[in-house]
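The structure appears below as structure tokens.
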Amino acid sequence: MTQILKRLEIIKSSIEIEELEIIELQIAKLQKLEIDEDVKLIIQKLKDGEYSTAGMLIQNYLAKFSGVTVYIDEEIQELKFEFKFLEFKLQNLIEQKTEYLADIEEFNNQYNLRLGELIKTILNLKKEILYKQTIKQAQFREKYKENLKTFQETKDTIEELKDTIAKLKKVLENIDEDDEDYEELTKAYKKLQEELENLESELKNQEEELQKTKEFIENETIEEEYEEAKINYDEYENEYKQSKENLKDVIQLSDDEKAELKKLYKKAAKMCHPDVVPDELKEKATQMMQQLNDSYSKQDLAKIKAILSSLENGTIFESTSDKLEDKIKLQEIIKEYKQNIKDLEEEIARIMEDETYKIINELDDWDLYFEELKSNLEAQKHELEEEAKKILEEEVSS
């Protein structure tokens, strides 16, 4: 009987802190003992997830053997249990969010550390190439005016030539082939015809070139793309500069130390997150959480350990669920927790839609991913350098 009562005491305590794994373990141990129908009913309620009812049955069962009759307000017990369940769920969501954000931050740090200079070079090349294109576009506007003038002059020359040919044709039609000037006039006529054909062919080429130039100088996307490239470069340069500044303070850790850092960070975050403390402690919790995040960003394992130790040894952020006996207050805080859970679930859903998170979620090997990405970026850089070189050669030749 002592073993049974001991197991029930453990289960009762585990229900209060929502330690489901401990509950399952104690159920398994109870089932190996000789138990009565009351204990079997308790086990069944636990298996069905009716923890509030099971808790009251255990309370009564223990009271029966202690000789003490205990009055239990069932509604308050149910509210307290619901509060504990919501508290447990909220903490798990906080841990989930914390882990996702920590992974994203670590990934972004590695991304900038390994590829930052290469990306910056590529963005600068794109910006410079588009800048050269805008200069070329301005130059071609002047060239277009000159070519348009030349085109019109060629058209005028063709019209004059056609008029001359027409007149010469009439002359040839009105003289005899034996006339001493006939052969010379015929040669002149043929030569003018050849010249006309050449000019018409040249006019066609000029028209095609004019059309291409017109399309180029009227292409507004070049200026837009250049402005966008400038913004992209400036934004990334600032981001990369800040990232490098932040990485200066990062402590280098081994893989085992990184795993420990992550584990302790998640544990501490669950204990001091502003969403799981009373209103009067939210400001203090926010400050503690900020210290925790800063320490994690710097991979300061010693500081994380110190913060966690402070949280574990102190009472400032203890859960208030055990102390609450007021029905109205319980109902209010349950409503607040439900809203916090809803907000947190929506926030996690948004994080899971983040492109970086999706990449991380699909990766098995970060090192391999970054090496492949670096190779692709190197190829892209080479192509852009060749394009920039070609534009420079065109400027020199022109």
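The way I read the labels, and the way they are meant: chains A, B, ... in the order of the structure tokens, residue 1 as the first residue of every chain, and ligand 1 as the first ligand shown, with later ones counted on from there.
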
Original post:
Residues at most 12 Å from Tyr236 of chain A, counting only C-alpha atoms, excluding those fewer than 2 positions away in the same chain, as an MDAnalysis selection string?
Top reply: chainID A and resid 112 116:124 229:234 238:244

For the residues in that selection, give me C-alpha atoms as an mmCIF file, in the first residue's frame.
```
data_model
loop_
_atom_site.group_PDB
_atom_site.id
_atom_site.type_symbol
_atom_site.label_atom_id
_atom_site.label_comp_id
_atom_site.auth_asym_id
_atom_site.auth_seq_id
_atom_site.Cartn_x
_atom_site.Cartn_y
_atom_site.Cartn_z
ATOM 1 C CA ASN A 112 27.069 36.678 -43.590
ATOM 2 C CA GLY A 116 29.044 38.377 -47.033
ATOM 3 C CA GLU A 117 32.030 39.760 -48.960
ATOM 4 C CA LEU A 118 31.119 37.760 -52.053
ATOM 5 C CA ILE A 119 27.492 38.938 -51.983
ATOM 6 C CA LYS A 120 28.595 42.521 -51.458
ATOM 7 C CA THR A 121 30.896 42.282 -54.512
ATOM 8 C CA ILE A 122 28.085 40.843 -56.659
ATOM 9 C CA LEU A 123 25.633 43.550 -55.606
ATOM 10 C CA ASN A 124 28.230 46.211 -56.350
ATOM 11 C CA ALA A 229 20.343 47.959 -57.283
ATOM 12 C CA LYS A 230 21.643 51.008 -55.406
ATOM 13 C CA ILE A 231 19.123 50.469 -52.628
ATOM 14 C CA ASN A 232 19.905 46.747 -52.446
ATOM 15 C CA TYR A 233 23.613 47.422 -52.229
ATOM 16 C CA ASP A 234 23.302 50.159 -49.605
ATOM 17 C CA ASN A 238 24.679 48.457 -43.799
ATOM 18 C CA GLU A 239 23.303 45.066 -42.763
ATOM 19 C CA TYR A 240 26.627 43.362 -43.395
ATOM 20 C CA LYS A 241 28.545 46.093 -41.592
ATOM 21 C CA GLN A 242 26.262 45.692 -38.563
ATOM 22 C CA SER A 243 26.538 41.916 -38.766
ATOM 23 C CA LYS A 244 30.345 42.081 -38.805
#
```

**OP:** Find the residues near segment 141-153 of chain A: any atom within 8 Å, counting only C-alpha atoms, skip ones fewer than 3 places away on the same chain, and give them as a ChimeraX atom specification.
**Re:** /A:137-138,156-157,203,206-207,210,213-214,217

Subject >> Shortest interatomic distance to Lys248 of chain A - which of A:Leu196, A:Leu113, A:Asp275, A:Glu332, counting only C-alpha atoms >> reply: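 Of A:Leu196, A:Leu113, A:Asp275, A:Glu332, the one nearest Lys248 of chain A is A:Leu113, counting only C-alpha atoms.
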
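Considering only C-alpha atoms, the residue among A:Leu301, A:Leu20, A:Leu363, A:Leu247 positioned nearest to Leu261 of chain A is A:Leu301.
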